[in-house]
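Novice: Structure incoming, see below.
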Amino acid sequence: QELQQGFDHTIARDQRIEPRDWMPEGYRRTLIRQIAQHAHSEIIGMQPEGDWITRAPSLRRKAILFAKVQDEAGHGLYLYSAAETLGADRADLTQRLIEGRQKYSSIFNYPTLTFADVGVIGWFVDGAAICNQVPLCRSSYGPYARAMVRVCKEESFHQRQGYELLMTMMRGTAAQREMVQDAVDRWWWPSLMMFGPPDGDSPNSAASMAWKIKRHTNDELRQKFVDMTVPQAERLGVTLPDPALRWNEERGRHDFGTPDWTELQRVISGDGPCNSERIARRRAAHEEGAWVREAASAYAAKQAARAAEAAVAAEGAAA
Amino acid sequence: QELQQGFDHTIARDQRIEPRDWMPEGYRRTLIRQIAQHAHSEIIGMQPEGDWITRAPSLRRKAILFAKVQDEAGHGLYLYSAAETLGADRADLTQRLIEGRQKYSSIFNYPTLTFADVGVIGWFVDGAAICNQVPLCRSSYGPYARAMVRVCKEESFHQRQGYELLMTMMRGTAAQREMVQDAVDRWWWPSLMMFGPPDGDSPNSAASMAWKIKRHTNDELRQKFVDMTVPQAERLGVTLPDPALRWNEERGRHDFGTPDWTELQRVISGDGPCNSERIARRRAAHEEGAWVREAASAYAAKQAARAAEAAVAAEGAAA
Amino acid sequence: AAELAGCCLALGDDALVSAQRLAEWCTRAPELEEEMALANIGLDLLGQARLLYARAGQADGTGRDEDAYAYFRDADDFRSVRLAELPNGDFAFSTVRLLVLSCWRLAHFDRLAASADPVLAAIAAKGVKELTYHRQFAAEWAVRLGDGTEESHHRMRAALDRVAPYLDELFAARPGFGVDPAAIRDEVTAVLRQVLDAAGLPLPEAAALPGHGRAGDHTEYLAPLLAELQSVARAHPGATW
Amino acid sequence: AAELAGCCLALGDDALVSAQRLAEWCTRAPELEEEMALANIGLDLLGQARLLYARAGQADGTGRDEDAYAYFRDADDFRSVRLAELPNGDFAFSTVRLLVLSCWRLAHFDRLAASADPVLAAIAAKGVKELTYHRQFAAEWAVRLGDGTEESHHRMRAALDRVAPYLDELFAARPGFGVDPAAIRDEVTAVLRQVLDAAGLPLPEAAALPGHGRAGDHTEYLAPLLAELQSVARAHPGATW
C-alpha cells in the first residue's frame, strides 16, 4: 500500500519511475510489452529498407540509407536495454519475436518495391513514429523516456532525409516522379494505421494513459500526423490517396477518410503481405548466428577460468 | 589365358568389348577412370556456363544456353551409366568427385567473366572436346563408344551455336567486339591444355592406345584443334593470342607456341582459379539434396512393402 | 485486342519468371535426373513466354519483340502472379509451387486451346502437352516427399503453408482470359486435393494476400530477379546477341 | 597524376566492393552488436571510397564524380583485389577476410598518410583511425572464434584455407602506390601471425591464384555484385537522386 502510494504520487507529480523503484506488476508488464514491441519494430523495420542498401542509386544515398538502418539497430539495442532494466531478458524477447508471440509495428509487413519507398518510409513512417514517440519522451518510466529522446532525435533526422530524397526525385525524370507518387499511394493508409485502432477499439490505452506511459490517444496522434503531412505533400507535389481529405475550417484540422481497419486486423494477426518473410528472415539470422554466440560464450568462459587459475597461481607464488 | 587371347583378338580386329565380355582388370580400371573423369567434366562443366542462364541478354540466347547446359547433364548421365556397365557405382563416383579423389577437365577451373565467354566456350571448349571425342566413337568399349556418338553430335551443335553467338557479337557494338577478343585471349591457352600434357609426359597414354581406348596422342589432337581453329578465328575477325602461331608450308600444318605446362600442372593439382568453387558447389548440391534422395528411397521402400503386402493378401484371399 | 494482349502478357510473364527461378536450380538439383527435368520444364516455359510475348506485341499494336517485354520493362509493368517470383527455397517448396502453377496453367491452357484467337489457341494446344508433363513431375515428387521420410513430410507441410496465401490470387477474376475463374478454381483445387491426399498432406487454408500481381503489385523479390535477368541486356543498349 | 589516380581507384574499388559485401550482412548478423559494428565498418569504407573516387576523378583528368566510378563501369574496369569480392560465406569467413583486408589496408594507409599528395594524405590519415578499429574488431572475433568451440575453430580453419590463395595478390608490386610491397607483406604477415597465434590457428600456405584483380582480372562473383549495385542507377539514366 505504502509502495503503491509512493508510486501513484510519483506519477501524479509527473516525476519518473526508475528501475529500482517499486512499481505495480501491471505497470511493469505493460511497459515490458510496449518497449519490447517497440524494440522489435526497430529490428524488423531494418528489413524493408535494408534490402535497398546494396541497390541505392548513388553513393551518397547508399551511405545515408546504410547509416539510417544502422541507427535502427542502435534504437533496438537501447530499447532492449530499457526492457532489461525492468527484468526482461533480450534473448527471451528475441525468442518471443521469432515465435510470433510478440508483435512489432504492422507497417513493416508491407513490401518496399522501388527506391522511392525508401524516401516515403522516411517521410511517412518516421514521421508517424515521431508523432507517436515525442510524447513518450515524457513517459513516466525513466529509461524508456531517455531512450526515446535519443531515438526521436535520430528519427527526425531520418524523416528530413527521406523527404529530401523525395524532393530530389520529384525534380528528376518523369519516371522518378511516378515512382514517388506510386510509393505515396501504397504507404499512406498503412502509415495512418501505425497509430493503432480507433480509440473506441483500443482496450489497453486507458491504463497506459493513467500510468502516463502513453500521453495521447491513437486518434489524437493520427490527426496530428495528417495535419503535419498534408502541407508537406503539397510542397512536394504529390497527391495523398484519400478523396475525403480536406481542411475543416471549423475544427481547424483536416478531415480524412477511414482506414480499412479489417486490413489492419489482418496484418496484425499475421496475414499481411510480408509477415512471414520478416519473421523468417529474423529467425534465420538468429539461428545461423547461434554457433557464433556459443563460441563467444565458450571463449569468455575459458578466459574467466584462465584468469581464476592465474589468480590462484599468483596467490600460491605469494604464499 | 584363353580369355586374354579372346580379348586381344577382339581388340586386334577392331571389334568391340561389351559389358558381359571378359576384360583385363587394367582395362576395366583405366576405362572406369576415364569415363568417370569424362562424366565429372560434363557435370562440373555445367557450372561456368550455367551461371549465365539467368543473365543471358536475349530470350533466344537464354533458351540456347539453357538447353546446352541441360545437354551436359544428359551427357553426364549417359557416361555414368556407361561406367556402371563396368561395375562402377554412380554414388561412389560422385563421392570421389566431391572429395577431390577423381579429376575432371582442367578447363572448367577458369572463370566465365562475360557473356562472350559463353560463345568462346562453345567454340573452343566444345571444339576441343569434339577433337578429343570423335575418335572415342571408335573406342574399343562398346557402351562408351555409343555414348560418344550421341555426345559428339550434340557437342558439334553446341560448337556451332557458340561460334554463331560470337559472329553476331562481332557484328555488334565495339564493346561487344572487345568482349569477344578478351574472352578469346583468356580461353585460348587453357583450351590447348585440354588435350593434356605433351606426349613425352603422358604416362597413361601408351596403354590406352594399345587397348584402343584412345586412338590419337595428345599432341596429335592438339595440332588438329589448332589447324581447325585458325581459319575460324580469321573468319570471325579475332586474333589468337600466340605470336608464334603461323602456317608451316612444309609440314602443311600450323606451328604454335608452347602452353604454360606448369600452369596446367597447377590447375590439375587443385590450384586453378576456380577449383575449390567448383567442387564446393557440387558438394553443396549433393549434400543439400540428401534429404530428397532419402525421401525417394523411403517412399520406394514403402511402396514395395505395400505391394508385397497386397500380394500376400491376394494370395490369402485366393487360398 | 487489348484483352488478348493482356492475356498473353500475363501468361508470358508467369512463364518467364517461373523459367528464371527454374534456371536458378541449374547445377543445384538433388540428382541429375531432377537437374534435367527442371531444366526441361524451364525450357518449355521459356518457349511459351517467347511465343506469348510475340503474340502480345502484335495484339497490343506496339510491335514490340519478345526481348522488349523481357528486358526493358520494370517490375511494376510485369503482370505475373506473385507465387512465381518467390525465391526457390528448398526442393519441397519448388515442388509445391510447380505443382500449383502447372495445375493452374494446364487448366487454363486446356480452355485457351479453344480460344477465338488462332495463334493463342495453337500456343495453348502445344503448351497443354508440356504442362501435362510438368504437373506429372511435380505430382510424383509431391507424393514421394509427402509420403517419404519424416523430414520430407515436414518440409512439404512448411512449403504448403508458405504457398497457401498466394493461391487466391490465381483464381481472382481478371479481364481478358475468357475463362471462368470459378471453374478453374474448382478444377485446380480438385487436382491438388487428389495429389495431396495421395501424399498424406493437407491443403492449408490461408487468408489471401492483399494486392494482385496481375495489376502490377509484386513482392520485394521481383525487382532483384529482374535486375539479374536484365543486367547484361541493359548494360549494352543497342547491342544484338 | 596517372599514378595517383590509379592508386586512388584501386583503394576506392577495394573499399566499395567491401562495403557492398558488408551491406549484405545487414539484418543477418549473429547479434545486434555485430550488426552495428559491421554496418559501421561498411560505412567507413563507403566513405573512404567516395573520397578516393573524387580524388581519382581530379587526378585522371576526366573530372568524373564518385557515382560515375561506382555505377557506370563494368567488372573488368574495377581494380579491386579478388578477396574483396568473394561471397560473404559464414561469419568466420567474413571475419577472416575483414582481418586480412583491414591489416593490409591499415599498413598501406599508414604510409600513404605521408603521401606527397596532400589530399590522399588527408584521406589516409582519417582512414587510419577507422581501419585501426576495423582490425581490432576482426582480430577480437578471430581470437574468440579460433579459441571458442570446436565448431567455431573448425569454421575458422576452413575460412583461412579459403582466403589463403588470395593473399599473394595483396602483396604483388603495383605501380602507383609508392609503397614497398615487401615491407607491407612483412608487416601484415607479422600482425596476422600474432592474431592467429592468439587464436590457436595456423596461417595456411597456398599457391597464388593466377591473374590479378588490380589488372582487371576478377572472379565470377564481381559481375553479379555490380549488377545488383548498379541496377537502379542504370535503370534510370539521367536521373539524380
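Chain labels follow the order of the C-alpha cells: the first chain is A, the next B, and so on; residue numbering restarts at 1 in every chain, and ligands are counted from 1 in their shown order.
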I'd like to know which residues of segment 31-249 of chain A are alpha helix (DSSP H) (by DSSP, run on the backbone); could you write them as a PyMOL selection string?

Specialist: chain A and resi 31-44+46-50+59-84+90-98+115-120+127-133+142-170+174-193+205-210+218-236

Novice: Using only C-alpha atoms, which chain C residues lie at most 12 Å away from chain D, written as number ranges by chain?

Specialist: C: 71-75, 223-237

Novice: Would you write out those residues with all heavy atoms, as a short mmCIF file (atom, residue, chain, number, x, y, z; two decimals), in the first residue's frame?

Specialist:
data_model
loop_
_atom_site.label_atom_id
_atom_site.label_comp_id
_atom_site.auth_asym_id
_atom_site.auth_seq_id
_atom_site.Cartn_x
_atom_site.Cartn_y
_atom_site.Cartn_z
N TYR C 71 13.21 -7.66 -71.26
CA TYR C 71 14.40 -6.95 -70.77
C TYR C 71 14.18 -5.47 -70.50
O TYR C 71 14.98 -4.85 -69.81
CB TYR C 71 15.55 -7.13 -71.77
CG TYR C 71 16.03 -8.56 -71.83
CD1 TYR C 71 15.55 -9.44 -72.81
CD2 TYR C 71 16.92 -9.05 -70.88
CE1 TYR C 71 15.96 -10.76 -72.85
CE2 TYR C 71 17.33 -10.37 -70.92
CZ TYR C 71 16.86 -11.23 -71.90
OH TYR C 71 17.26 -12.53 -71.92
N PHE C 72 13.14 -4.92 -71.08
CA PHE C 72 13.02 -3.47 -70.95
C PHE C 72 11.70 -3.02 -70.32
O PHE C 72 11.16 -1.97 -70.64
CB PHE C 72 13.31 -2.80 -72.30
CG PHE C 72 14.73 -3.06 -72.75
CD1 PHE C 72 15.03 -4.09 -73.63
CD2 PHE C 72 15.79 -2.34 -72.20
CE1 PHE C 72 16.35 -4.38 -73.99
CE2 PHE C 72 17.11 -2.61 -72.56
CZ PHE C 72 17.40 -3.63 -73.46
N ARG C 73 11.21 -3.83 -69.42
CA ARG C 73 10.11 -3.39 -68.55
C ARG C 73 10.59 -3.53 -67.10
O ARG C 73 11.41 -4.40 -66.80
CB ARG C 73 8.86 -4.27 -68.75
CG ARG C 73 8.12 -3.99 -70.06
CD ARG C 73 6.87 -4.86 -70.14
NE ARG C 73 7.22 -6.27 -70.00
CZ ARG C 73 6.45 -7.19 -69.46
NH1 ARG C 73 5.25 -6.88 -69.00
NH2 ARG C 73 6.84 -8.45 -69.39
N ASP C 74 10.05 -2.68 -66.22
CA ASP C 74 10.41 -2.77 -64.80
C ASP C 74 9.38 -3.63 -64.06
O ASP C 74 8.36 -4.00 -64.62
CB ASP C 74 10.50 -1.37 -64.19
CG ASP C 74 11.68 -0.59 -64.77
OD1 ASP C 74 12.67 -1.23 -65.15
OD2 ASP C 74 11.58 0.65 -64.86
N ALA C 75 9.69 -3.88 -62.80
CA ALA C 75 8.87 -4.83 -62.03
C ALA C 75 7.38 -4.47 -62.07
O ALA C 75 6.53 -5.35 -62.23
CB ALA C 75 9.36 -4.90 -60.59
N ALA C 223 11.89 -7.35 -58.22
CA ALA C 223 12.87 -6.38 -58.74
C ALA C 223 14.30 -6.97 -58.79
O ALA C 223 14.97 -6.85 -59.81
CB ALA C 223 12.82 -5.08 -57.94
N PRO C 224 14.77 -7.62 -57.72
CA PRO C 224 16.11 -8.23 -57.82
C PRO C 224 16.18 -9.33 -58.88
O PRO C 224 17.20 -9.46 -59.56
CB PRO C 224 16.35 -8.80 -56.42
CG PRO C 224 15.42 -8.07 -55.52
CD PRO C 224 14.24 -7.70 -56.34
N LEU C 225 15.11 -10.11 -59.01
CA LEU C 225 15.11 -11.15 -60.05
C LEU C 225 15.29 -10.50 -61.42
O LEU C 225 16.09 -10.97 -62.25
CB LEU C 225 13.79 -11.92 -59.98
CG LEU C 225 13.54 -13.04 -61.02
CD1 LEU C 225 12.68 -14.16 -60.42
CD2 LEU C 225 12.87 -12.54 -62.29
N LEU C 226 14.56 -9.41 -61.65
CA LEU C 226 14.67 -8.76 -62.95
C LEU C 226 16.00 -8.05 -63.12
O LEU C 226 16.56 -8.00 -64.22
CB LEU C 226 13.51 -7.77 -63.14
CG LEU C 226 12.13 -8.42 -63.25
CD1 LEU C 226 11.05 -7.34 -63.32
CD2 LEU C 226 12.04 -9.34 -64.46
N ALA C 227 16.53 -7.51 -62.03
CA ALA C 227 17.84 -6.83 -62.13
C ALA C 227 18.88 -7.80 -62.67
O ALA C 227 19.70 -7.46 -63.52
CB ALA C 227 18.27 -6.29 -60.77
N GLU C 228 18.83 -9.04 -62.19
CA GLU C 228 19.77 -10.04 -62.67
C GLU C 228 19.45 -10.41 -64.12
O GLU C 228 20.34 -10.42 -64.98
CB GLU C 228 19.68 -11.28 -61.76
CG GLU C 228 20.65 -12.37 -62.17
CD GLU C 228 20.60 -13.59 -61.24
OE1 GLU C 228 19.95 -13.52 -60.18
OE2 GLU C 228 21.22 -14.60 -61.60
N LEU C 229 18.21 -10.71 -64.37
CA LEU C 229 17.80 -11.14 -65.72
C LEU C 229 18.18 -10.10 -66.77
O LEU C 229 18.59 -10.43 -67.88
CB LEU C 229 16.29 -11.38 -65.69
CG LEU C 229 15.62 -12.05 -66.90
CD1 LEU C 229 14.37 -12.81 -66.45
CD2 LEU C 229 15.22 -11.06 -67.99
N GLN C 230 18.01 -8.84 -66.40
CA GLN C 230 18.17 -7.77 -67.39
C GLN C 230 19.56 -7.15 -67.41
O GLN C 230 19.84 -6.28 -68.25
CB GLN C 230 17.12 -6.68 -67.09
CG GLN C 230 15.69 -7.19 -67.19
CD GLN C 230 14.65 -6.22 -66.66
OE1 GLN C 230 14.96 -5.36 -65.83
NE2 GLN C 230 13.42 -6.35 -67.12
N SER C 231 20.44 -7.58 -66.49
CA SER C 231 21.68 -6.81 -66.29
C SER C 231 22.53 -6.71 -67.55
O SER C 231 22.98 -5.62 -67.91
CB SER C 231 22.49 -7.40 -65.13
OG SER C 231 22.79 -8.77 -65.37
N VAL C 232 22.77 -7.81 -68.24
CA VAL C 232 23.65 -7.76 -69.41
C VAL C 232 22.96 -7.02 -70.55
O VAL C 232 23.57 -6.16 -71.21
CB VAL C 232 24.06 -9.17 -69.85
CG1 VAL C 232 24.94 -9.10 -71.09
CG2 VAL C 232 24.79 -9.90 -68.73
N ALA C 233 21.71 -7.33 -70.79
CA ALA C 233 20.99 -6.67 -71.88
C ALA C 233 20.99 -5.16 -71.69
O ALA C 233 21.22 -4.40 -72.64
CB ALA C 233 19.55 -7.19 -71.95
N ARG C 234 20.77 -4.70 -70.46
CA ARG C 234 20.69 -3.26 -70.23
C ARG C 234 22.07 -2.60 -70.23
O ARG C 234 22.18 -1.40 -70.47
CB ARG C 234 19.98 -2.98 -68.91
CG ARG C 234 18.50 -3.30 -69.00
CD ARG C 234 17.74 -2.76 -67.81
NE ARG C 234 16.30 -2.98 -67.96
CZ ARG C 234 15.39 -2.38 -67.22
NH1 ARG C 234 15.74 -1.55 -66.25
NH2 ARG C 234 14.10 -2.62 -67.43
N ALA C 235 23.12 -3.38 -69.94
CA ALA C 235 24.46 -2.80 -69.95
C ALA C 235 24.92 -2.50 -71.37
O ALA C 235 25.87 -1.76 -71.57
CB ALA C 235 25.45 -3.75 -69.26
N HIS C 236 24.25 -3.09 -72.36
CA HIS C 236 24.67 -2.91 -73.75
C HIS C 236 23.51 -2.46 -74.61
O HIS C 236 23.02 -3.20 -75.46
CB HIS C 236 25.24 -4.22 -74.30
CG HIS C 236 26.49 -4.63 -73.59
ND1 HIS C 236 27.73 -4.20 -73.98
CD2 HIS C 236 26.69 -5.40 -72.50
CE1 HIS C 236 28.65 -4.71 -73.16
NE2 HIS C 236 28.05 -5.43 -72.25
N PRO C 237 23.08 -1.21 -74.40
CA PRO C 237 21.96 -0.75 -75.21
C PRO C 237 22.35 -0.77 -76.69
O PRO C 237 23.48 -0.44 -77.04
CB PRO C 237 21.71 0.68 -74.71
CG PRO C 237 22.92 1.06 -73.93
CD PRO C 237 23.61 -0.19 -73.52
#

Novice: For Pro118 of chain C, work out the shell of residues within 12 Å, counting only C-alpha atoms and skipping chain neighbours fewer than 6 positions away, then give it as a PyMOL selection string.

Specialist: chain C and resi 4+55+112+124-125

Novice: Could you save the residues just selected, with N, CA, C and O atoms, as a PDB file, in the first residue's frame?

Specialist:
ATOM      1  N   LEU C   4      -6.747  -9.595 -75.528  1.00  0.00           N
ATOM      2  CA  LEU C   4      -5.855 -10.665 -75.978  1.00  0.00           C
ATOM      3  C   LEU C   4      -4.413 -10.370 -75.546  1.00  0.00           C
ATOM      4  O   LEU C   4      -3.715 -11.240 -75.009  1.00  0.00           O
ATOM      5  N   ARG C  55       2.992 -12.757 -79.556  1.00  0.00           N
ATOM      6  CA  ARG C  55       1.569 -12.519 -79.805  1.00  0.00           C
ATOM      7  C   ARG C  55       1.122 -11.220 -79.158  1.00  0.00           C
ATOM      8  O   ARG C  55       0.337 -10.457 -79.733  1.00  0.00           O
ATOM      9  N   LEU C 112      -7.925 -22.405 -73.277  1.00  0.00           N
ATOM     10  CA  LEU C 112      -7.457 -21.467 -74.296  1.00  0.00           C
ATOM     11  C   LEU C 112      -7.175 -22.170 -75.628  1.00  0.00           C
ATOM     12  O   LEU C 112      -7.112 -21.524 -76.669  1.00  0.00           O
ATOM     13  N   ALA C 124      -1.521 -22.561 -76.885  1.00  0.00           N
ATOM     14  CA  ALA C 124      -2.100 -23.284 -75.754  1.00  0.00           C
ATOM     15  C   ALA C 124      -2.115 -24.787 -76.028  1.00  0.00           C
ATOM     16  O   ALA C 124      -1.779 -25.588 -75.144  1.00  0.00           O
ATOM     17  N   ALA C 125      -2.464 -25.151 -77.244  1.00  0.00           N
ATOM     18  CA  ALA C 125      -2.529 -26.579 -77.567  1.00  0.00           C
ATOM     19  C   ALA C 125      -1.160 -27.230 -77.404  1.00  0.00           C
ATOM     20  O   ALA C 125      -1.030 -28.317 -76.848  1.00  0.00           O
TER      21      ALA C 125
END

Novice: Which of these, C:Tyr133, C:Gln58, C:Pro30, C:Asp65, has the shortest distance to Asp44 of chain C once you count only C-alpha atoms?

Specialist: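 Comparing C:Tyr133, C:Gln58, C:Pro30, C:Asp65 against Asp44 of chain C, the winner is C:Tyr133.
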
Novice: List as a ChimeraX atom specification the protein and nucleic acid residues near Leu38 of chain D, meaning an atom at most 10 Å away when only C-alpha atoms are counted, but skip any in the same chain fewer than 6 places from it.

Specialist: /A:70 /D:19,21-26,29,32,44,94-95,98,134,137-138

Novice: Take the residues just selected and output them with C-alpha atoms as a JSON list (two decimals), in the first residue's frame.

Specialist:
[["chain", "number", "residue", "atom", "x", "y", "z"],
["A", 70, "GLN", "CA", 22.37, 1.10, -38.55],
["D", 19, "ALA", "CA", 31.26, -2.09, -48.28],
["D", 21, "ARG", "CA", 29.60, -7.21, -49.05],
["D", 22, "LEU", "CA", 29.29, -5.74, -45.56],
["D", 23, "ALA", "CA", 25.92, -4.29, -46.52],
["D", 24, "GLU", "CA", 24.77, -7.81, -47.34],
["D", 25, "TRP", "CA", 25.23, -8.70, -43.67],
["D", 26, "CYS", "CA", 22.60, -6.13, -42.80],
["D", 29, "ALA", "CA", 24.40, -10.67, -38.28],
["D", 32, "LEU", "CA", 22.79, -6.68, -32.76],
["D", 44, "ASP", "CA", 33.64, 3.85, -43.05],
["D", 94, "SER", "CA", 33.74, -12.65, -43.26],
["D", 95, "THR", "CA", 35.82, -12.20, -40.10],
["D", 98, "LEU", "CA", 37.98, -8.45, -42.78],
["D", 134, "HIS", "CA", 38.17, -2.48, -38.11],
["D", 137, "PHE", "CA", 37.07, -5.79, -34.28],
["D", 138, "ALA", "CA", 38.16, -8.53, -36.69]]

Novice: Quick one: residues within 8 Å of Ile53 of chain A, only C-alpha atoms counted, chain neighbours fewer than 2 positions away excluded, as a list in words?

Specialist: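 Listing them by chain and then by number gives Glu49, Gly50, Asp51, Arg55, Ala56, Lys62, Leu65 and Phe66 of chain A; Ala23 of chain D.
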
Novice: Please, could you write that set of residues out with all heavy atoms as an mmCIF file, in the first residue's frame?

Specialist:
data_model
loop_
_atom_site.group_PDB
_atom_site.id
_atom_site.type_symbol
_atom_site.label_atom_id
_atom_site.label_comp_id
_atom_site.auth_asym_id
_atom_site.auth_seq_id
_atom_site.Cartn_x
_atom_site.Cartn_y
_atom_site.Cartn_z
ATOM 1 N N GLU A 49 13.849 -1.589 -45.558
ATOM 2 C CA GLU A 49 14.769 -0.612 -46.140
ATOM 3 C C GLU A 49 16.148 -1.186 -46.403
ATOM 4 O O GLU A 49 16.810 -0.831 -47.366
ATOM 5 C CB GLU A 49 14.907 0.586 -45.199
ATOM 6 C CG GLU A 49 13.677 1.450 -45.185
ATOM 7 C CD GLU A 49 13.909 2.636 -44.273
ATOM 8 O OE1 GLU A 49 13.828 2.455 -43.042
ATOM 9 O OE2 GLU A 49 14.183 3.714 -44.797
ATOM 10 N N GLY A 50 16.565 -2.100 -45.502
ATOM 11 C CA GLY A 50 17.930 -2.612 -45.578
ATOM 12 C C GLY A 50 18.235 -3.278 -46.907
ATOM 13 O O GLY A 50 19.368 -3.222 -47.393
ATOM 14 N N ASP A 51 17.223 -3.893 -47.497
ATOM 15 C CA ASP A 51 17.439 -4.572 -48.762
ATOM 16 C C ASP A 51 17.799 -3.625 -49.890
ATOM 17 O O ASP A 51 18.247 -4.070 -50.950
ATOM 18 C CB ASP A 51 16.185 -5.357 -49.149
ATOM 19 C CG ASP A 51 16.228 -6.755 -48.569
ATOM 20 O OD1 ASP A 51 17.219 -7.080 -47.897
ATOM 21 O OD2 ASP A 51 15.281 -7.514 -48.802
ATOM 22 N N ARG A 55 21.431 -1.642 -53.410
ATOM 23 C CA ARG A 55 20.979 -1.150 -54.719
ATOM 24 C C ARG A 55 20.786 0.357 -54.781
ATOM 25 O O ARG A 55 20.311 0.875 -55.800
ATOM 26 C CB ARG A 55 19.651 -1.831 -55.086
ATOM 27 C CG ARG A 55 19.812 -3.294 -55.425
ATOM 28 C CD ARG A 55 18.461 -3.934 -55.709
ATOM 29 N NE ARG A 55 17.747 -4.275 -54.480
ATOM 30 C CZ ARG A 55 16.447 -4.533 -54.393
ATOM 31 N NH1 ARG A 55 15.709 -4.500 -55.483
ATOM 32 N NH2 ARG A 55 15.900 -4.842 -53.245
ATOM 33 N N ALA A 56 21.097 1.068 -53.720
ATOM 34 C CA ALA A 56 20.888 2.519 -53.708
ATOM 35 C C ALA A 56 21.576 3.138 -54.921
ATOM 36 O O ALA A 56 22.701 2.785 -55.244
ATOM 37 C CB ALA A 56 21.437 3.113 -52.421
ATOM 38 N N LYS A 62 23.415 5.747 -50.675
ATOM 39 C CA LYS A 62 23.807 4.465 -50.092
ATOM 40 C C LYS A 62 24.307 4.685 -48.664
ATOM 41 O O LYS A 62 23.924 3.976 -47.738
ATOM 42 C CB LYS A 62 24.923 3.887 -50.953
ATOM 43 C CG LYS A 62 25.187 2.400 -50.859
ATOM 44 C CD LYS A 62 26.350 2.066 -51.822
ATOM 45 C CE LYS A 62 26.621 0.595 -51.914
ATOM 46 N NZ LYS A 62 25.637 -0.097 -52.761
ATOM 47 N N LEU A 65 21.366 5.721 -46.333
ATOM 48 C CA LEU A 65 20.486 4.611 -46.002
ATOM 49 C C LEU A 65 21.171 3.613 -45.071
ATOM 50 O O LEU A 65 20.574 3.119 -44.110
ATOM 51 C CB LEU A 65 20.032 3.916 -47.295
ATOM 52 C CG LEU A 65 19.068 2.735 -47.132
ATOM 53 C CD1 LEU A 65 17.797 3.149 -46.400
ATOM 54 C CD2 LEU A 65 18.708 2.149 -48.499
ATOM 55 N N PHE A 66 22.430 3.347 -45.366
ATOM 56 C CA PHE A 66 23.211 2.423 -44.532
ATOM 57 C C PHE A 66 23.241 2.946 -43.082
ATOM 58 O O PHE A 66 22.996 2.210 -42.125
ATOM 59 C CB PHE A 66 24.623 2.334 -45.101
ATOM 60 C CG PHE A 66 25.341 1.024 -44.884
ATOM 61 C CD1 PHE A 66 26.504 0.748 -45.609
ATOM 62 C CD2 PHE A 66 24.895 0.069 -43.984
ATOM 63 C CE1 PHE A 66 27.190 -0.449 -45.443
ATOM 64 C CE2 PHE A 66 25.591 -1.132 -43.811
ATOM 65 C CZ PHE A 66 26.735 -1.381 -44.535
ATOM 66 N N ALA D 23 27.342 -4.657 -46.501
ATOM 67 C CA ALA D 23 25.919 -4.293 -46.518
ATOM 68 C C ALA D 23 25.044 -5.542 -46.612
ATOM 69 O O ALA D 23 23.924 -5.562 -46.105
ATOM 70 C CB ALA D 23 25.616 -3.350 -47.674
#

Novice: Which residues of chain B sit at most 9 Å from chain C, using only C-alpha atoms? Give each one's shortest atom pair and distance in Å (one decimal place), in chain and ascending residue order, as a Markdown table.

Specialist:
| residue | atom | partner | partner_atom | distance |
| --- | --- | --- | --- | --- |
| B:Ile43 | CA | C:Thr27 | CA | 7.9 |
| B:Ile44 | CA | C:Thr27 | CA | 8.3 |
| B:Met46 | CA | C:Thr27 | CA | 6.6 |
| B:Gln47 | CA | C:Thr27 | CA | 6.4 |
| B:Gly50 | CA | C:Cys26 | CA | 6.5 |
| B:Asp51 | CA | C:Cys26 | CA | 8.0 |
| B:Ile53 | CA | C:Ala23 | CA | 6.5 |
| B:Thr54 | CA | C:Leu229 | CA | 5.4 |
| B:Arg55 | CA | C:Leu229 | CA | 4.7 |
| B:Ala56 | CA | C:Val232 | CA | 6.9 |
| B:Pro57 | CA | C:Ala233 | CA | 4.4 |
| B:Ser58 | CA | C:Asp67 | CA | 6.0 |
| B:Leu59 | CA | C:Asp67 | CA | 6.3 |
| B:Arg60 | CA | C:Arg50 | CA | 8.4 |
| B:Arg61 | CA | C:Trp241 | CA | 7.3 |
| B:Lys62 | CA | C:Leu46 | CA | 8.4 |
| B:Ala63 | CA | C:Leu43 | CA | 6.3 |
| B:Phe66 | CA | C:Leu43 | CA | 6.9 |
| B:Ala67 | CA | C:Leu43 | CA | 7.1 |
| B:Val69 | CA | C:Cys26 | CA | 8.2 |
| B:Gln70 | CA | C:Met36 | CA | 5.7 |
| B:Asp71 | CA | C:Met36 | CA | 8.1 |
| B:Ala73 | CA | C:Met36 | CA | 6.4 |
| B:Gly74 | CA | C:Met36 | CA | 7.0 |
| B:Gly76 | CA | C:Leu32 | CA | 8.1 |
| B:Leu77 | CA | C:Leu32 | CA | 6.9 |
| B:Thr114 | CA | C:Val232 | CA | 8.8 |
| B:Phe115 | CA | C:Val232 | CA | 7.9 |
| B:Leu165 | CA | C:Trp241 | CA | 6.6 |
| B:Leu166 | CA | C:Trp241 | CA | 8.6 |
| B:Thr168 | CA | C:Trp241 | CA | 6.0 |
| B:Met169 | CA | C:Trp241 | CA | 6.0 |
| B:Arg171 | CA | C:Thr240 | CA | 8.4 |
| B:Gly172 | CA | C:Ala239 | CA | 5.7 |
| B:Thr173 | CA | C:Ala239 | CA | 5.9 |
| B:Ala175 | CA | C:His236 | CA | 8.0 |
| B:Gln176 | CA | C:Ala239 | CA | 7.6 |
| B:Arg281 | CA | C:Arg28 | CA | 7.7 |
| B:Arg282 | CA | C:Thr27 | CA | 7.3 |
| B:Ala284 | CA | C:Arg28 | CA | 7.8 |
| B:Ala285 | CA | C:Arg28 | CA | 4.7 |
| B:His286 | CA | C:Pro30 | CA | 6.1 |
| B:Glu287 | CA | C:Pro30 | CA | 8.1 |
| B:Glu288 | CA | C:Pro30 | CA | 7.0 |
| B:Gly289 | CA | C:Pro30 | CA | 3.9 |
| B:Ala290 | CA | C:Pro30 | CA | 6.9 |
| B:Trp291 | CA | C:Ser152 | CA | 6.9 |
| B:Val292 | CA | C:Pro30 | CA | 6.6 |
| B:Arg293 | CA | C:Pro30 | CA | 7.0 |
| B:Glu294 | CA | C:Thr149 | CA | 7.2 |
| B:Ala295 | CA | C:Gly148 | CA | 4.3 |
| B:Ala296 | CA | C:Arg144 | CA | 5.7 |
| B:Ser297 | CA | C:Gly148 | CA | 7.6 |
| B:Ala298 | CA | C:Gly148 | CA | 5.2 |
| B:Tyr299 | CA | C:Gly148 | CA | 4.5 |
| B:Ala300 | CA | C:Arg144 | CA | 8.1 |
| B:Lys302 | CA | C:Gly148 | CA | 8.2 |

Novice: Within 10 Å of segment 167-170 of chain D, which residues of segment 197-240 of chain D come that close, and what is the closest atom pair and distance in Å for each? Count only C-alpha atoms and give it as a tab-separated table.

Specialist:
residue	atom	partner	partner_atom	distance
D:Glu205	CA	D:Leu167	CA	9.4
D:Ala206	CA	D:Leu167	CA	8.6
D:Ala207	CA	D:Asp168	CA	8.2
D:Ala208	CA	D:Asp168	CA	5.5
D:Leu209	CA	D:Glu169	CA	7.7
D:Pro210	CA	D:Glu169	CA	8.9
D:Gly211	CA	D:Glu169	CA	8.4
D:His212	CA	D:Glu169	CA	6.4
D:Gly213	CA	D:Glu169	CA	7.6
D:Arg214	CA	D:Glu169	CA	8.5
